[in-house]
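Okay, data-v7.cif now, which holds mmCIF, C-alpha atoms:
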data_entry
loop_
_atom_site.label_atom_id
_atom_site.label_comp_id
_atom_site.auth_asym_id
_atom_site.auth_seq_id
_atom_site.Cartn_x
_atom_site.Cartn_y
_atom_site.Cartn_z
CA MET I 868 19.44 4.14 -22.11
CA SER I 869 17.92 7.27 -23.50
CA HIS I 870 17.08 10.17 -21.26
CA ALA I 871 14.15 11.12 -23.45
CA LEU I 872 10.64 10.79 -22.11
CA THR I 873 9.63 8.12 -24.61
CA LEU I 874 6.96 6.34 -22.59
CA PRO I 875 4.42 7.81 -20.24
CA PHE I 876 5.31 5.22 -17.66
CA GLY I 877 8.49 3.53 -18.81
CA VAL I 878 11.90 3.20 -17.25
CA ASP I 879 13.14 5.88 -19.60
CA ALA I 880 10.68 8.30 -18.07
CA LEU I 881 11.93 7.83 -14.53
CA PRO I 882 14.92 10.22 -14.57
CA VAL I 883 12.73 12.95 -16.03
CA VAL I 884 10.01 12.47 -13.47
CA LEU I 885 12.56 12.19 -10.70
CA ALA I 886 14.24 15.41 -11.71
CA HIS I 887 10.83 16.99 -11.31
CA ALA I 888 10.08 15.24 -8.04
CA GLY I 889 13.53 15.73 -6.52
CA GLY I 890 14.14 11.99 -6.10
CA ALA I 891 17.19 9.74 -6.16
CA SER I 892 20.14 10.10 -8.47
CA ARG I 893 20.22 8.44 -11.86
CA ARG I 894 22.60 5.75 -10.67
CA GLY I 895 20.36 5.11 -7.70
CA THR I 896 17.37 4.87 -9.98
CA ASP I 897 18.97 2.20 -12.14
CA ALA I 898 19.81 0.21 -9.04
CA LEU I 899 16.26 0.53 -7.79
CA VAL I 900 14.70 -0.56 -11.06
CA ALA I 901 16.89 -3.64 -11.02
CA GLY I 902 16.27 -4.27 -7.32
CA ASP I 903 14.04 -6.90 -5.80
CA ASP I 904 10.55 -6.14 -4.62
CA ASP I 905 11.39 -6.14 -0.93
CA ALA I 906 14.14 -3.55 -1.40
CA LEU I 907 11.82 -1.43 -3.53
CA MET I 908 9.08 -1.67 -0.95
CA LEU I 909 11.48 -0.50 1.75
CA GLN I 910 12.40 2.48 -0.40
CA VAL I 911 8.75 3.26 -1.07
CA SER I 912 8.10 3.23 2.66
CA LYS I 913 10.78 5.93 2.94
CA GLY I 914 8.99 8.01 0.32
CA ASP I 915 11.12 7.25 -2.73
CA PRO I 916 9.05 7.91 -5.89
CA ALA I 917 11.50 6.02 -8.14
CA ALA I 918 11.00 2.83 -6.16
CA TYR I 919 7.25 3.36 -6.25
CA ARG I 920 7.29 3.73 -10.02
CA ALA I 921 9.43 0.64 -10.46
CA LEU I 922 6.93 -1.42 -8.48
CA ALA I 923 3.98 0.16 -10.28
CA GLU I 924 5.53 -0.60 -13.63
CA ARG I 925 5.98 -4.23 -12.66
CA TYR I 926 2.50 -4.84 -11.32
CA LEU I 927 0.07 -2.37 -12.84
CA ALA I 928 -0.86 -4.58 -15.80
CA GLY I 929 -1.39 -7.61 -13.58
CA ILE I 930 -3.55 -5.71 -11.12
CA VAL I 931 -5.69 -4.31 -13.95
CA ARG I 932 -6.05 -7.78 -15.49
CA TYR I 933 -7.02 -9.30 -12.16
CA ALA I 934 -9.51 -6.57 -11.27
CA THR I 935 -11.05 -6.71 -14.75
CA ARG I 936 -11.54 -10.48 -14.47
CA MET I 937 -13.13 -9.98 -11.08
CA LEU I 938 -15.37 -7.05 -11.94
CA GLY I 939 -16.03 -7.68 -15.63
CA ASP I 940 -15.57 -4.00 -16.31
CA GLN I 941 -12.20 -2.49 -17.22
CA ALA I 942 -13.14 1.09 -16.33
CA GLU I 943 -14.08 0.02 -12.82
CA ALA I 944 -11.00 -2.18 -12.67
CA GLU I 945 -8.80 0.80 -13.49
CA ASP I 946 -10.35 2.70 -10.58
CA VAL I 947 -9.44 -0.23 -8.36
CA ALA I 948 -5.89 -0.28 -9.76
CA GLN I 949 -5.50 3.44 -9.15
CA GLU I 950 -6.69 3.07 -5.56
CA THR I 951 -4.38 0.09 -5.07
CA PHE I 952 -1.31 2.04 -6.13
CA LEU I 953 -2.37 5.08 -4.16
CA ARG I 954 -2.43 2.83 -1.11
CA LEU I 955 0.98 1.48 -2.06
CA TRP I 956 2.36 5.01 -2.05
CA ARG I 957 0.55 6.14 1.10
CA ASP I 958 0.64 3.00 3.23
CA ALA I 959 3.91 1.29 2.28
CA GLY I 960 5.25 2.34 5.69
CA ARG I 961 2.67 0.08 7.31
CA TYR I 962 3.56 -2.88 5.10
CA GLU I 963 4.97 -5.79 7.06
CA ALA I 964 6.49 -8.53 4.95
CA ARG I 965 5.99 -11.51 7.31
CA GLY I 966 7.50 -13.64 4.58
CA HIS I 967 4.99 -12.45 1.98
CA LYS I 968 5.88 -10.78 -1.28
CA PRO I 969 4.96 -7.14 -1.89
CA SER I 970 3.14 -8.32 -5.02
CA THR I 971 0.95 -10.56 -2.87
CA TRP I 972 0.11 -7.55 -0.71
CA LEU I 973 -0.81 -5.54 -3.83
CA TYR I 974 -3.06 -8.29 -5.17
CA ARG I 975 -4.69 -8.64 -1.77
CA VAL I 976 -5.44 -4.92 -1.63
CA ALA I 977 -6.89 -5.08 -5.15
CA HIS I 978 -8.89 -8.20 -4.27
CA ASN I 979 -10.43 -6.54 -1.22
CA LEU I 980 -11.33 -3.45 -3.24
CA CYS I 981 -12.96 -5.68 -5.88
CA ILE I 982 -14.96 -7.55 -3.24
CA ASP I 983 -16.14 -4.23 -1.79
CA ARG I 984 -17.37 -3.18 -5.21
CA LEU I 985 -19.03 -6.51 -5.92
CA ARG I 986 -20.85 -6.36 -2.59
CA ALA I 987 -21.98 -2.81 -3.29
CA ARG I 988 -23.27 -3.92 -6.68
CA ARG I 989 -25.65 -6.58 -5.39
CA PRO I 990 -28.41 -7.52 -5.94
CA GLU I 991 -27.84 -6.30 -9.47
CA THR I 992 -26.81 -8.95 -11.93
CA GLU I 993 -23.06 -9.32 -12.41
CA VAL I 994 -23.36 -11.02 -15.75
CA ASP I 995 -23.89 -9.63 -19.18
CA GLU I 996 -27.00 -11.56 -20.12
CA GLN I 997 -26.20 -11.27 -23.78
CA HIS I 998 -23.47 -13.85 -23.37
CA GLY I 999 -24.42 -15.47 -20.08
CA SER I 1000 -26.27 -18.54 -21.32
CA ASP I 1001 -26.12 -18.16 -25.04
CA ARG I 1002 -24.59 -21.35 -26.34
CA THR I 1003 -24.01 -22.33 -29.89
CA SER I 1004 -22.31 -25.25 -31.57
CA ALA I 1005 -21.47 -23.22 -34.64
CA PRO I 1006 -17.87 -22.09 -35.09
CA VAL I 1007 -17.42 -18.68 -33.61
CA ALA I 1008 -15.04 -15.86 -34.26
CA ASP I 1009 -12.24 -15.28 -31.81
CA LYS I 1010 -13.88 -12.14 -30.49
CA GLU I 1011 -17.15 -13.91 -29.85
CA LEU I 1012 -15.39 -16.83 -28.21
CA ALA I 1013 -13.51 -14.41 -25.97
CA ALA I 1014 -16.82 -12.83 -25.02
CA HIS I 1015 -18.26 -16.23 -24.13
CA VAL I 1016 -15.25 -17.10 -21.98
CA THR I 1017 -15.44 -13.73 -20.23
CA ALA I 1018 -19.15 -14.21 -19.60
CA ALA I 1019 -18.61 -17.73 -18.30
CA LEU I 1020 -15.96 -16.42 -15.91
CA ALA I 1021 -18.31 -13.70 -14.74
CA GLN I 1022 -20.94 -16.29 -13.84
CA LEU I 1023 -18.63 -18.09 -11.43
CA PRO I 1024 -18.88 -17.39 -7.71
CA GLU I 1025 -16.39 -14.65 -6.86
CA ARG I 1026 -13.90 -16.85 -4.98
CA GLN I 1027 -13.78 -19.42 -7.78
CA ARG I 1028 -13.33 -16.61 -10.27
CA ALA I 1029 -10.58 -15.09 -8.14
CA ALA I 1030 -8.79 -18.45 -7.87
CA ILE I 1031 -8.84 -18.93 -11.65
CA ALA I 1032 -7.77 -15.34 -12.30
CA LEU I 1033 -4.85 -15.61 -9.89
CA VAL I 1034 -3.62 -19.08 -10.77
CA HIS I 1035 -4.35 -19.26 -14.50
CA TYR I 1036 -3.99 -15.66 -15.64
CA GLU I 1037 -1.55 -14.26 -13.07
CA GLU I 1038 0.38 -17.53 -12.69
CA LYS I 1039 0.39 -17.35 -8.91
CA SER I 1040 1.17 -20.45 -6.90
CA LEU I 1041 -1.59 -22.01 -4.83
CA GLU I 1042 0.11 -20.64 -1.69
CA GLU I 1043 0.29 -17.10 -3.05
CA ALA I 1044 -3.30 -17.22 -4.24
CA GLY I 1045 -4.25 -18.45 -0.78
CA LEU I 1046 -2.53 -15.44 0.80
CA VAL I 1047 -4.44 -13.10 -1.50
CA LEU I 1048 -7.77 -14.79 -0.83
CA GLY I 1049 -7.11 -15.36 2.85
CA CYS I 1050 -7.34 -19.15 2.77
CA ALA I 1051 -5.11 -22.22 2.64
CA ALA I 1052 -3.51 -23.54 -0.54
CA GLY I 1053 -5.74 -26.61 -0.34
CA ALA I 1054 -8.83 -24.43 -0.33
CA VAL I 1055 -7.57 -22.62 -3.44
CA GLU I 1056 -7.07 -25.98 -5.14
CA SER I 1057 -10.65 -26.88 -4.33
CA LEU I 1058 -11.93 -23.51 -5.60
CA LEU I 1059 -9.95 -24.00 -8.79
CA ALA I 1060 -11.32 -27.49 -9.39
CA ARG I 1061 -14.91 -26.39 -8.86
CA GLY I 1062 -14.45 -23.30 -10.98
CA ARG I 1063 -12.89 -25.18 -13.86
CA ARG I 1064 -15.58 -27.83 -13.77
CA SER I 1065 -18.23 -25.14 -13.84
CA LEU I 1066 -16.50 -23.43 -16.77
CA ARG I 1067 -16.29 -26.77 -18.58
CA GLU I 1068 -20.06 -27.09 -18.25
CA GLN I 1069 -20.78 -23.52 -19.27
CA LEU I 1070 -18.58 -23.77 -22.32
CA ALA I 1071 -19.63 -27.31 -23.22
CA ALA I 1072 -21.04 -26.15 -26.53
CA PHE I 1073 -17.51 -25.43 -27.70
CA TYR I 1074 -16.14 -28.79 -26.65
CA ARG I 1075 -15.87 -31.68 -29.04
CA ASP I 1076 -13.77 -34.53 -27.72
CA GLY I 1077 -11.15 -32.17 -26.44
CA VAL I 1078 -10.09 -31.03 -29.90
CA SER I 1079 -12.67 -28.39 -30.62
CA ASN I 1080 -12.40 -24.63 -30.64
CA PRO I 1081 -10.30 -22.82 -29.86
CA MET U 602 -25.24 -43.31 -2.21
CA SER U 603 -23.56 -42.92 -5.55
CA ASP U 604 -20.00 -44.15 -6.02
CA GLU U 605 -19.33 -41.14 -8.19
CA PRO U 606 -16.91 -38.70 -6.49
CA ARG U 607 -18.50 -35.47 -5.33
CA ASP U 608 -15.94 -33.34 -7.17
CA PRO U 609 -15.04 -35.31 -10.30
CA LYS U 610 -11.86 -34.03 -11.89
CA LEU U 611 -11.61 -32.97 -15.49
CA THR U 612 -9.74 -35.30 -17.81
CA ASP U 613 -6.35 -34.20 -19.11
CA ALA U 614 -7.91 -33.46 -22.49
CA GLU U 615 -10.62 -31.35 -20.86
CA ASP U 616 -8.01 -29.55 -18.77
CA GLN U 617 -5.93 -28.70 -21.82
CA TRP U 618 -9.00 -27.61 -23.74
CA LEU U 619 -10.15 -25.41 -20.89
CA ASP U 620 -6.71 -23.80 -20.65
CA ARG U 621 -6.93 -22.95 -24.34
CA MET U 622 -10.42 -21.56 -23.84
CA LEU U 623 -9.28 -19.38 -20.96
CA ASP U 624 -6.37 -18.13 -23.05
CA ALA U 625 -8.87 -17.15 -25.73
CA ALA U 626 -10.29 -14.48 -23.41
CA ALA U 627 -9.59 -10.99 -24.65
CA PRO U 628 -6.21 -9.61 -23.51
CA ILE U 629 -6.43 -6.82 -20.99
CA GLU U 630 -3.98 -3.92 -20.91
CA PRO U 631 -4.09 -0.83 -18.72
CA SER U 632 -4.97 2.34 -20.58
CA ALA U 633 -2.39 5.04 -21.21
CA ALA U 634 -4.42 7.40 -19.03
CA LEU U 635 -4.24 5.00 -16.09
CA ARG U 636 -0.49 4.53 -16.57
CA ARG U 637 -0.05 8.28 -16.48
CA VAL U 638 -2.27 8.78 -13.43
CA VAL U 639 -0.55 5.99 -11.50
CA ALA U 640 2.89 7.35 -12.39
CA GLU U 641 1.87 10.79 -11.13
CA ILE U 642 0.58 9.62 -7.76
CA PRO U 643 3.79 10.63 -5.90
CA LEU U 644 3.53 14.11 -7.40
CA ARG U 645 -0.18 14.49 -6.74
CA HIS U 646 -0.05 13.00 -3.27
CA PRO U 647 3.15 14.17 -1.59
CA ARG U 648 3.92 12.35 1.61
CA ARG U 649 2.77 14.24 4.71
CA GLU U 650 5.47 14.04 7.33
CA SER U 651 4.96 15.29 10.84
CA ALA U 652 6.56 18.61 11.90
CA VAL U 653 9.11 16.66 13.95
CA GLU U 654 10.04 14.48 10.94
CA ARG U 655 10.46 17.60 8.83
CA GLY U 656 12.58 19.23 11.55
CA PHE U 657 10.17 22.18 11.62
CA GLY U 658 11.67 23.22 8.33
CA LEU U 659 15.06 23.87 9.91
CA PRO U 660 18.40 22.55 8.65
CA ALA U 661 19.63 19.35 10.22
CA TYR U 662 22.54 21.00 12.05
CA VAL U 663 20.16 23.44 13.73
CA MET U 664 17.99 20.56 14.87
CA SER U 665 21.08 18.74 16.17
CA PHE U 666 22.17 21.82 18.10
CA GLY U 667 18.69 22.18 19.56
CA LEU U 668 18.70 18.55 20.58
CA LEU U 669 22.07 18.95 22.31
CA ALA U 670 20.85 22.08 24.10
CA ALA U 671 17.76 20.24 25.30
CA LEU U 672 19.90 17.39 26.56
CA ALA U 673 22.16 19.84 28.39
CA ILE U 674 19.16 21.48 30.09
CA LEU U 675 17.83 18.10 31.08
CA SER U 676 21.24 17.14 32.50
CA ILE U 677 21.41 20.32 34.57
CA GLY U 678 17.86 19.72 35.77
CA ALA U 679 18.76 16.19 36.80
CA TRP U 680 21.85 17.43 38.71
CA VAL U 681 19.82 20.10 40.50
CA GLY U 682 17.25 17.48 41.36
CA SER U 683 19.96 15.25 42.81
CA GLN U 684 21.05 18.17 45.06
CA ALA U 685 17.55 18.64 46.46
CA ASP U 686 18.46 17.20 49.89
CA VAL U 687 21.35 19.67 50.30
CA LEU U 688 19.15 22.61 49.30
CA SER U 689 16.41 21.64 51.74
CA ASP U 690 19.01 21.59 54.57
CA VAL U 691 20.09 25.08 53.58
CA ALA U 692 16.47 26.21 53.63
CA VAL U 693 16.00 24.87 57.17
CA ILE U 694 19.06 26.82 58.39
CA ASP U 695 17.70 30.00 56.77
CA ASP U 696 14.37 29.53 58.56
CA GLY U 697 16.22 29.36 61.91
CA ASP U 698 17.80 32.79 61.33
CA ALA U 699 14.60 34.42 60.21
CA GLY U 700 14.02 36.45 63.44
CA GLN U 701 17.50 38.02 63.45
CA ALA U 702 17.22 38.87 59.79
CA ASP U 703 13.94 40.73 60.42
CA ASP U 704 15.56 42.92 63.15
CA ALA U 705 18.48 43.79 60.92
CA TRP U 706 16.07 44.73 58.21
CA GLU U 707 14.20 47.14 60.51
CA GLU U 708 17.44 48.92 61.37
CA LEU U 709 18.42 49.20 57.79
CA ALA U 710 15.00 50.49 56.89
CA VAL U 711 15.27 53.27 59.46
CA LEU U 712 18.61 54.36 58.09
CA ALA U 713 17.48 54.04 54.54
CA PHE U 714 14.39 56.16 54.92
CA ALA U 715 16.01 58.54 57.41
CA ASP U 716 12.91 58.75 59.63
CA GLU U 717 14.83 60.62 62.36
CA LEU U 718 16.94 62.62 60.00
CA ASP U 719 15.20 65.89 60.81
CA GLU U 720 16.00 65.57 64.52
CA GLU U 721 19.63 64.81 63.79
CA LEU U 722 19.91 67.78 61.51
CA VAL U 723 18.45 70.21 64.01
CA PRO U 724 21.28 72.58 65.05
#

Spell out the structure here as structure tokens.
Amino acid sequence: MSHALTLPFGVDALPVVLAHAGGASRRGTDALVAGDDDALMLQVSKGDPAAYRALAERYLAGIVRYATRMLGDQAEAEDVAQETFLRLWRDAGRYEARGHKPSTWLYRVAHNLCIDRLRARRPETEVDEQHGSDRTSAPVADKELAAHVTAALAQLPERQRAAIALVHYEEKSLEEAGLVLGCAAGAVESLLARGRRSLREQLAAFYRDGVSNP
Amino acid sequence: MSDEPRDPKLTDAEDQWLDRMLDAAAPIEPSAALRRVVAEIPLRHPRRESAVERGFGLPAYVMSFGLLAALAILSIGAWVGSQADVLSDVAVIDDGDAGQADDAWEELAVLAFADELDEELVP
């Protein structure tokens, strides 16, 4: 592995940043990067920046994806992600596993921050009206289709949207999604079913006997 | 009442189609700026430990020595406390001799300040 700082946030960057931050040895860093989430979380709770960066590298993209699906705005979602990882660094000492994964805790923090922002936004519309109800049976470009799907997601109630974002996009199990949303796995299943049915209706214009676009 | 279920499920074909539709949503990646900011959080927000956790800025061996000294003082205090009954008995005995001690003090005071020294020195 190269010692050069090739990525702003990659594994290669860790020894350089650690040398600056006075963290663990190189050998310790490699072990941490390869370690499981629980071990990393324990190290973060002790103030180890290498462990923090390993966890951040694993979950930053997922948290940004999830927050963007929830908020419909990537800039705002990045604020949420930043706050989530700041809390990881500051509050890891207060983390109690109770059989839950650290990643579940991170998604739950991000979810709560998203809900706070959505509540603060109301009664403003959450949906980009340009795509909200605009349906067409004509073939559409990928970009336009993506915009329609994003708009359809944005029109879902927030818990249905969260269930779809967690289970479909983040590939969480029903149980994990339930822990993030604070409900039982059965409730997540119900949210998913209702959300998917609603999406099916909103995107009906693109459906032709199950073989249409995309 | 309708026989139709309240939450009809999507068919397999609809499910597969919807999965493809959801996958058509634009990919989302964190920006380089966010990656950098998140990576720098430990540098920008150093952990604040309490003075005790930091050992008041003293080396560990100094803190250990201080701890041992404190334990020694506490041990001595505990021993002295356990001897309290003996000390109180001693105090009672001292109180009983208080009158004699006062008389002796008067005599000593006379000698010390030589009140009658002039008379004794008169030829």

Hey, which bits of chain U sit within 7 Å of chain I, and for each residue what's the closest pair of atoms and how far apart in Å (one decimal), counting only C-alpha atoms, rows by chain and increasing number, as JSON lines?
{"residue": "U:Leu611", "atom": "CA", "partner": "I:Arg1064", "partner_atom": "CA", "distance": 6.7}
{"residue": "U:Ala614", "atom": "CA", "partner": "I:Gly1077", "partner_atom": "CA", "distance": 5.3}
{"residue": "U:Glu615", "atom": "CA", "partner": "I:Gly1077", "partner_atom": "CA", "distance": 5.7}
{"residue": "U:Trp618", "atom": "CA", "partner": "I:Gly1077", "partner_atom": "CA", "distance": 5.7}
{"residue": "U:Leu619", "atom": "CA", "partner": "I:Arg1067", "partner_atom": "CA", "distance": 6.7}
{"residue": "U:Arg621", "atom": "CA", "partner": "I:Pro1081", "partner_atom": "CA", "distance": 6.5}
{"residue": "U:Met622", "atom": "CA", "partner": "I:Pro1081", "partner_atom": "CA", "distance": 6.2}
{"residue": "U:Leu623", "atom": "CA", "partner": "I:Val1016", "partner_atom": "CA", "distance": 6.5}
{"residue": "U:Ala625", "atom": "CA", "partner": "I:Ala1013", "partner_atom": "CA", "distance": 5.4}
{"residue": "U:Ala626", "atom": "CA", "partner": "I:Ala1013", "partner_atom": "CA", "distance": 4.1}
{"residue": "U:Ala627", "atom": "CA", "partner": "I:Ala1013", "partner_atom": "CA", "distance": 5.4}
{"residue": "U:Ile629", "atom": "CA", "partner": "I:Arg932", "partner_atom": "CA", "distance": 5.6}
{"residue": "U:Glu630", "atom": "CA", "partner": "I:Ala928", "partner_atom": "CA", "distance": 6.0}
{"residue": "U:Pro631", "atom": "CA", "partner": "I:Ala928", "partner_atom": "CA", "distance": 5.7}
{"residue": "U:Leu635", "atom": "CA", "partner": "I:Glu945", "partner_atom": "CA", "distance": 6.7}
{"residue": "U:Arg636", "atom": "CA", "partner": "I:Phe876", "partner_atom": "CA", "distance": 5.9}
{"residue": "U:Arg637", "atom": "CA", "partner": "I:Pro875", "partner_atom": "CA", "distance": 5.9}
{"residue": "U:Val639", "atom": "CA", "partner": "I:Gln949", "partner_atom": "CA", "distance": 6.0}
{"residue": "U:Ala640", "atom": "CA", "partner": "I:Arg920", "partner_atom": "CA", "distance": 6.2}
{"residue": "U:Ile642", "atom": "CA", "partner": "I:Leu953", "partner_atom": "CA", "distance": 6.5}
{"residue": "U:Pro643", "atom": "CA", "partner": "I:Pro916", "partner_atom": "CA", "distance": 5.9}
{"residue": "U:Leu644", "atom": "CA", "partner": "I:Ala888", "partner_atom": "CA", "distance": 6.7}
{"residue": "U:Arg648", "atom": "CA", "partner": "I:Gly914", "partner_atom": "CA", "distance": 6.8}

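Residues selected in this file by the PyMOL selection byres ((chain I and resi 982) around 12) comprise Ala934, Met937, Leu938, Ala944, Val947, Arg975, Val976, Ala977, His978, Asn979, Leu980, Cys981, Asp983, Arg984, Leu985, Arg986, Ala987, Arg988, Arg989, Pro1024, Glu1025, Arg1026, Arg1028, Ala1029 and Leu1048 of chain I.
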
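Relative to CA of Trp972 in chain I, CA of Leu1058 in chain I is found at 20.6 Å.
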
Exercise. Hey, can you check how far CA of Gly1045 in chain I sits from CA of Tyr962 in chain I?
Worked result: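 CA of Tyr962 in chain I lies 18.4 Å from CA of Gly1045 in chain I.
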
Problem set entry | Atom pair CA of Leu973 in chain I / CA of Gly1062 in chain I: separation (Å) |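 It comes out at 23.5 Å.
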
Exercise. Which residues fall under the PyMOL selection byres ((chain I and resi 904) around 12) in this file, as a PyMOL selection string?
Worked result: chain I and resi 899-903+905-911+918-926+964+967-973

Exercise. Near Ala1030 in chain I, within 7 Å and counting all atoms listed in the file, which residues show up once chain neighbours fewer than 3 positions away are dropped, as a list in words?
Worked result: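 Listed by chain and then number, they are Arg1026, Gln1027, Leu1033, Val1034, Ala1044, Val1055, Leu1058 and Leu1059 of chain I.
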
Show me, as AutoDock Vina command-line options, the centre and edge lengths in Å to one decimal of the axis-aligned box that covers every listed atom of range 636-643 of chain U with 5 Å on each side.
--center_x 0.8 --center_y 7.7 --center_z -11.2 --size_x 16.1 --size_y 16.3 --size_z 20.7

Using the block above, I'd like range 968-987 of chain I written out, keeping N, CA and C atoms and formatting it as a PDB file, in the first residue's frame.
ATOM      1  N   LYS I 968     -26.061  -2.903  15.446  1.00  0.00           N
ATOM      2  CA  LYS I 968     -24.821  -2.575  14.755  1.00  0.00           C
ATOM      3  C   LYS I 968     -24.538  -1.077  14.854  1.00  0.00           C
ATOM      4  N   PRO I 969     -23.257  -0.696  14.855  1.00  0.00           N
ATOM      5  CA  PRO I 969     -22.943   0.733  14.794  1.00  0.00           C
ATOM      6  C   PRO I 969     -23.554   1.407  13.571  1.00  0.00           C
ATOM      7  N   SER I 970     -23.610   0.665  12.448  1.00  0.00           N
ATOM      8  CA  SER I 970     -24.188   1.273  11.238  1.00  0.00           C
ATOM      9  C   SER I 970     -25.662   1.604  11.453  1.00  0.00           C
ATOM     10  N   THR I 971     -26.360   0.766  12.192  1.00  0.00           N
ATOM     11  CA  THR I 971     -27.769   1.038  12.482  1.00  0.00           C
ATOM     12  C   THR I 971     -27.891   2.326  13.290  1.00  0.00           C
ATOM     13  N   TRP I 972     -26.971   2.478  14.259  1.00  0.00           N
ATOM     14  CA  TRP I 972     -26.966   3.700  15.075  1.00  0.00           C
ATOM     15  C   TRP I 972     -26.739   4.930  14.192  1.00  0.00           C
ATOM     16  N   LEU I 973     -25.789   4.819  13.246  1.00  0.00           N
ATOM     17  CA  LEU I 973     -25.501   5.946  12.354  1.00  0.00           C
ATOM     18  C   LEU I 973     -26.725   6.305  11.506  1.00  0.00           C
ATOM     19  N   TYR I 974     -27.361   5.283  10.934  1.00  0.00           N
ATOM     20  CA  TYR I 974     -28.543   5.551  10.118  1.00  0.00           C
ATOM     21  C   TYR I 974     -29.675   6.140  10.971  1.00  0.00           C
ATOM     22  N   ARG I 975     -29.762   5.707  12.200  1.00  0.00           N
ATOM     23  CA  ARG I 975     -30.819   6.244  13.057  1.00  0.00           C
ATOM     24  C   ARG I 975     -30.564   7.731  13.365  1.00  0.00           C
ATOM     25  N   VAL I 976     -29.298   8.048  13.634  1.00  0.00           N
ATOM     26  CA  VAL I 976     -28.959   9.463  13.870  1.00  0.00           C
ATOM     27  C   VAL I 976     -29.314  10.290  12.631  1.00  0.00           C
ATOM     28  N   ALA I 977     -28.900   9.785  11.466  1.00  0.00           N
ATOM     29  CA  ALA I 977     -29.181  10.507  10.218  1.00  0.00           C
ATOM     30  C   ALA I 977     -30.688  10.619   9.992  1.00  0.00           C
ATOM     31  N   HIS I 978     -31.408   9.551  10.265  1.00  0.00           N
ATOM     32  CA  HIS I 978     -32.863   9.564  10.082  1.00  0.00           C
ATOM     33  C   HIS I 978     -33.500  10.644  10.962  1.00  0.00           C
ATOM     34  N   ASN I 979     -33.097  10.687  12.225  1.00  0.00           N
ATOM     35  CA  ASN I 979     -33.677  11.681  13.133  1.00  0.00           C
ATOM     36  C   ASN I 979     -33.357  13.100  12.679  1.00  0.00           C
ATOM     37  N   LEU I 980     -32.136  13.302  12.189  1.00  0.00           N
ATOM     38  CA  LEU I 980     -31.773  14.636  11.701  1.00  0.00           C
ATOM     39  C   LEU I 980     -32.615  15.000  10.473  1.00  0.00           C
ATOM     40  N   CYS I 981     -32.857  14.016   9.608  1.00  0.00           N
ATOM     41  CA  CYS I 981     -33.698  14.258   8.422  1.00  0.00           C
ATOM     42  C   CYS I 981     -35.119  14.618   8.834  1.00  0.00           C
ATOM     43  N   ILE I 982     -35.647  13.875   9.797  1.00  0.00           N
ATOM     44  CA  ILE I 982     -37.026  14.140  10.250  1.00  0.00           C
ATOM     45  C   ILE I 982     -37.110  15.551  10.829  1.00  0.00           C
ATOM     46  N   ASP I 983     -36.092  15.928  11.615  1.00  0.00           N
ATOM     47  CA  ASP I 983     -36.081  17.292  12.173  1.00  0.00           C
ATOM     48  C   ASP I 983     -36.164  18.325  11.057  1.00  0.00           C
ATOM     49  N   ARG I 984     -35.391  18.103  10.005  1.00  0.00           N
ATOM     50  CA  ARG I 984     -35.377  19.067   8.900  1.00  0.00           C
ATOM     51  C   ARG I 984     -36.696  19.061   8.143  1.00  0.00           C
ATOM     52  N   LEU I 985     -37.262  17.883   7.958  1.00  0.00           N
ATOM     53  CA  LEU I 985     -38.548  17.810   7.243  1.00  0.00           C
ATOM     54  C   LEU I 985     -39.646  18.523   8.043  1.00  0.00           C
ATOM     55  N   ARG I 986     -39.603  18.356   9.357  1.00  0.00           N
ATOM     56  CA  ARG I 986     -40.613  19.008  10.199  1.00  0.00           C
ATOM     57  C   ARG I 986     -40.444  20.525  10.137  1.00  0.00           C
ATOM     58  N   ALA I 987     -39.182  20.963  10.135  1.00  0.00           N
ATOM     59  CA  ALA I 987     -38.922  22.402  10.102  1.00  0.00           C
ATOM     60  C   ALA I 987     -39.344  23.008   8.766  1.00  0.00           C
TER      61      ALA I 987
END
